[in-house]
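Novice: The following block contains the structure, expressed as structure tokens.
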Amino acid sequence: MPGQGKASASDVLFAKTDGGRHSSLLRTIISTASLWLVTPLVFLTLLFDDGRLKQGLIRSVPNRYFELTLTVIDNINAALGRYLRGTALECFLVGVSFSLCLFLIGVDPRWSVIIGAIAGVANAIPFLGTAIGMIVGIMYAVMAENISPLLPFINDNNLIIAIAASVFLVHLADNAIFQPYILGSAVNLHPLVVILGVMGGTLLFGFAGMLFAIPSIIVFKVVVATTFRQLRAYYII
């Protein structure tokens with residue numbers, strides 16, 4: 001047949017579109033996985049840094065701005081310390097909430113604590129705790145034979161739905177309460193600033209923007225406020 005070995009224009013177009021979608025999805029997965037792997041290494045490097053980074057930054061500024069730079073760095077260090085402590089408290093509340101929800105729907109108390117602890121620790125990276133809690137919870141629901149829920153409307157047939165609802169409720173509480181109020185109060189940011197910062201960072205820079213939105217806002221706020229205060233104290237402005 002004359003046209004048997006020749007692809008039509010629509011077939012070529014659809015093939016390119018599907019290929020582009022798969023390529024875009026693969027790039028997104030690789031980028032997200034890279035951030036999940038690199039980010040903890042960056043935090044560990046900063047955690048075990050013995051002051052060489054700070055000394056290098058101070059040496060690079062003129063002498064007249066030495067005290068200003070030292071004050072800015074110290075304030076940034078204190079603000080990021082409060083951020084890490086607030087994040088740890090947020091993760092703890094997520095883990096406790098998730099464990100409590102699992103216990104109420106009939107998951108064994110020991111497994112409730114284990115799954116909640118894993119999800120809480122992983123919650124330091126946005127959406128990772130939610131994903132792990134969902135996956136491990138569903139695996140437990142598939143393997144569980146007998147459950148003893150405290151809620152009367154939960155049974156073996158709707159346990160997976162109950163676990164998905166628990167994950168949704170904890171994730172909603174994290175985004176609406178724990179992150180804006182607990183973390184926001186720790187770093188002295190208004191809850192609305194926290195919510196808008198995370199949303200704006202996600203829209204502009206994707207997963208990286210969501211991950212680094214709050215630390216970036218903290219650093220910017222500290223640098224501007226400290227610099228302005230020090231310049232006024234020394235009558236430079």
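The chains in the structure tokens are called A, B, ... from first to last as shown; in each chain the residues are counted from 1, and the ligands are counted from 1 in the order shown.
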Can you pull out the residues contacting Val222 in chain A? Cut-off 12 Å, using only C-alpha atoms, and skip same-chain residues under 6 positions away; I want them as a count of residues only.
Specialist: 19
Novice: Run DSSP on the backbone and tell me which residues of range 121-205 of chain A come out as helix (DSSP H, G or I); list them as a ChimeraX atom specification.
Specialist: /A:121-122,128-143,156-186,191-205
Novice: Could you tell me how far CA of Asn175 in chain A sits from CA of Ile160 in chain A, in Å to one decimal place?
Specialist: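 Rounded to one decimal, the two atoms are 22.7 Å apart.
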Novice: For the atom pair CA of Val94 in chain A and CA of Gly184 in chain A, what is the interatomic distance in Å to one decimal place?
Specialist: 15.6 Å
Novice: So which residues touch Asp174 in chain A within 10 Å, counting only C-alpha atoms, skipping near sequence neighbours fewer than 4 positions away, as a list in words?
Specialist: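 Those residues are Glu90, Cys91, Leu93, Val94, Ser97, Asn123, Phe168, Leu169, Val170, Phe178, Gln179, Pro180, Tyr181 and Ile182 of chain A.
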Novice: Counting only C-alpha atoms, what is within 12 Å of Asp108 in chain A, bar same-chain residues fewer than 5 positions away, as JSON, numbers by chain?
Specialist: {"A": [99, 100, 101, 102, 103, 113, 114, 115, 116, 137, 140, 141, 144, 145, 146, 147, 148, 149, 150]}
Novice: Kindly save the residues from that selection, with N, CA and C atoms included, as a PDB file, in the first residue's frame.
Specialist:
ATOM      1  N   SER A  99      -0.133   9.665  64.383  1.00  0.00           N
ATOM      2  CA  SER A  99      -0.218   8.472  65.235  1.00  0.00           C
ATOM      3  C   SER A  99      -1.591   8.377  65.892  1.00  0.00           C
ATOM      4  N   LEU A 100      -2.102   9.506  66.377  1.00  0.00           N
ATOM      5  CA  LEU A 100      -3.404   9.510  67.032  1.00  0.00           C
ATOM      6  C   LEU A 100      -4.516   9.125  66.062  1.00  0.00           C
ATOM      7  N   CYS A 101      -4.468   9.673  64.844  1.00  0.00           N
ATOM      8  CA  CYS A 101      -5.489   9.329  63.838  1.00  0.00           C
ATOM      9  C   CYS A 101      -5.443   7.850  63.489  1.00  0.00           C
ATOM     10  N   LEU A 102      -4.246   7.311  63.319  1.00  0.00           N
ATOM     11  CA  LEU A 102      -4.120   5.886  62.999  1.00  0.00           C
ATOM     12  C   LEU A 102      -4.630   5.017  64.135  1.00  0.00           C
ATOM     13  N   PHE A 103      -4.340   5.421  65.362  1.00  0.00           N
ATOM     14  CA  PHE A 103      -4.817   4.660  66.519  1.00  0.00           C
ATOM     15  C   PHE A 103      -6.345   4.661  66.582  1.00  0.00           C
ATOM     16  N   VAL A 113       2.528   4.441  66.296  1.00  0.00           N
ATOM     17  CA  VAL A 113       3.649   5.279  66.736  1.00  0.00           C
ATOM     18  C   VAL A 113       4.789   5.239  65.724  1.00  0.00           C
ATOM     19  N   ILE A 114       5.087   4.038  65.208  1.00  0.00           N
ATOM     20  CA  ILE A 114       6.192   3.899  64.251  1.00  0.00           C
ATOM     21  C   ILE A 114       5.900   4.682  62.973  1.00  0.00           C
ATOM     22  N   ILE A 115       4.713   4.493  62.405  1.00  0.00           N
ATOM     23  CA  ILE A 115       4.363   5.185  61.164  1.00  0.00           C
ATOM     24  C   ILE A 115       4.299   6.699  61.391  1.00  0.00           C
ATOM     25  N   GLY A 116       3.715   7.109  62.527  1.00  0.00           N
ATOM     26  CA  GLY A 116       3.649   8.535  62.831  1.00  0.00           C
ATOM     27  C   GLY A 116       5.024   9.155  62.997  1.00  0.00           C
ATOM     28  N   GLY A 137       0.901   3.531  55.527  1.00  0.00           N
ATOM     29  CA  GLY A 137      -0.431   3.277  56.069  1.00  0.00           C
ATOM     30  C   GLY A 137      -1.247   2.347  55.194  1.00  0.00           C
ATOM     31  N   TYR A 140       0.015  -1.171  55.490  1.00  0.00           N
ATOM     32  CA  TYR A 140      -0.494  -1.805  56.711  1.00  0.00           C
ATOM     33  C   TYR A 140      -1.947  -2.228  56.525  1.00  0.00           C
ATOM     34  N   ALA A 141      -2.759  -1.378  55.891  1.00  0.00           N
ATOM     35  CA  ALA A 141      -4.172  -1.707  55.689  1.00  0.00           C
ATOM     36  C   ALA A 141      -4.338  -2.950  54.822  1.00  0.00           C
ATOM     37  N   ALA A 144      -3.151  -5.940  57.157  1.00  0.00           N
ATOM     38  CA  ALA A 144      -3.832  -6.130  58.440  1.00  0.00           C
ATOM     39  C   ALA A 144      -4.999  -7.102  58.305  1.00  0.00           C
ATOM     40  N   GLU A 145      -5.148  -7.991  59.267  1.00  0.00           N
ATOM     41  CA  GLU A 145      -6.239  -8.966  59.261  1.00  0.00           C
ATOM     42  C   GLU A 145      -7.364  -8.566  60.207  1.00  0.00           C
ATOM     43  N   ASN A 146      -7.012  -8.192  61.421  1.00  0.00           N
ATOM     44  CA  ASN A 146      -8.015  -7.798  62.404  1.00  0.00           C
ATOM     45  C   ASN A 146      -7.673  -6.421  62.952  1.00  0.00           C
ATOM     46  N   ILE A 147      -8.649  -5.542  62.952  1.00  0.00           N
ATOM     47  CA  ILE A 147      -8.444  -4.202  63.508  1.00  0.00           C
ATOM     48  C   ILE A 147      -9.478  -3.956  64.602  1.00  0.00           C
ATOM     49  N   SER A 148      -9.109  -3.079  65.513  1.00  0.00           N
ATOM     50  CA  SER A 148     -10.015  -2.731  66.620  1.00  0.00           C
ATOM     51  C   SER A 148     -10.164  -1.216  66.675  1.00  0.00           C
ATOM     52  N   PRO A 149     -10.932  -0.668  65.764  1.00  0.00           N
ATOM     53  CA  PRO A 149     -11.059   0.796  65.722  1.00  0.00           C
ATOM     54  C   PRO A 149     -11.877   1.340  66.883  1.00  0.00           C
ATOM     55  N   LEU A 150     -11.511   2.534  67.328  1.00  0.00           N
ATOM     56  CA  LEU A 150     -12.285   3.211  68.347  1.00  0.00           C
ATOM     57  C   LEU A 150     -13.481   3.941  67.742  1.00  0.00           C
TER      58      LEU A 150
END
Novice: Give me, as a PDB file with C-alpha atoms, in the first residue's frame, all polymer residues having an atom no more than 9 Å from Gly133 in chain A, counting only C-alpha atoms and skipping those fewer than 3 positions away in the same chain.
Specialist:
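Writing the result to result27.pdb gives the following:
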ATOM      1  CA  PHE A  98      -0.824  11.095  62.533  1.00  0.00           C
ATOM      2  CA  ILE A 115       4.363   5.185  61.164  1.00  0.00           C
ATOM      3  CA  GLY A 116       3.649   8.535  62.831  1.00  0.00           C
ATOM      4  CA  ILE A 118       8.526   8.171  60.308  1.00  0.00           C
ATOM      5  CA  ALA A 119       6.000  10.548  58.751  1.00  0.00           C
ATOM      6  CA  GLY A 120       6.851  13.260  61.290  1.00  0.00           C
ATOM      7  CA  LEU A 128       7.586  13.704  51.804  1.00  0.00           C
ATOM      8  CA  GLY A 129       6.052  13.004  55.215  1.00  0.00           C
ATOM      9  CA  THR A 130       2.563  12.944  53.698  1.00  0.00           C
ATOM     10  CA  VAL A 136       3.133   2.885  54.775  1.00  0.00           C
ATOM     11  CA  GLY A 137      -0.431   3.277  56.069  1.00  0.00           C
ATOM     12  CA  ILE A 138      -1.927   1.694  52.966  1.00  0.00           C
ATOM     13  CA  ILE A 163      -6.090   6.060  56.303  1.00  0.00           C
ATOM     14  CA  VAL A 167      -3.403  11.668  55.936  1.00  0.00           C
TER      15      VAL A 167
END
Novice: Point out the residue among A:Leu89, A:Leu204, A:Val61, A:Ala164 with the least atom-to-atom distance to Ser185 in chain A, counting only C-alpha atoms.
Specialist: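 That would be A:Leu89, the residue with the smallest distance to Ser185 in chain A.
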Novice: So that I can see what lies close to Met210 in chain A, please list as a ChimeraX atom specification the residues with an atom at most 9 Å from it, counting only C-alpha atoms and leaving out residues fewer than 6 positions away in the same chain.
Specialist: /A:126,197-203
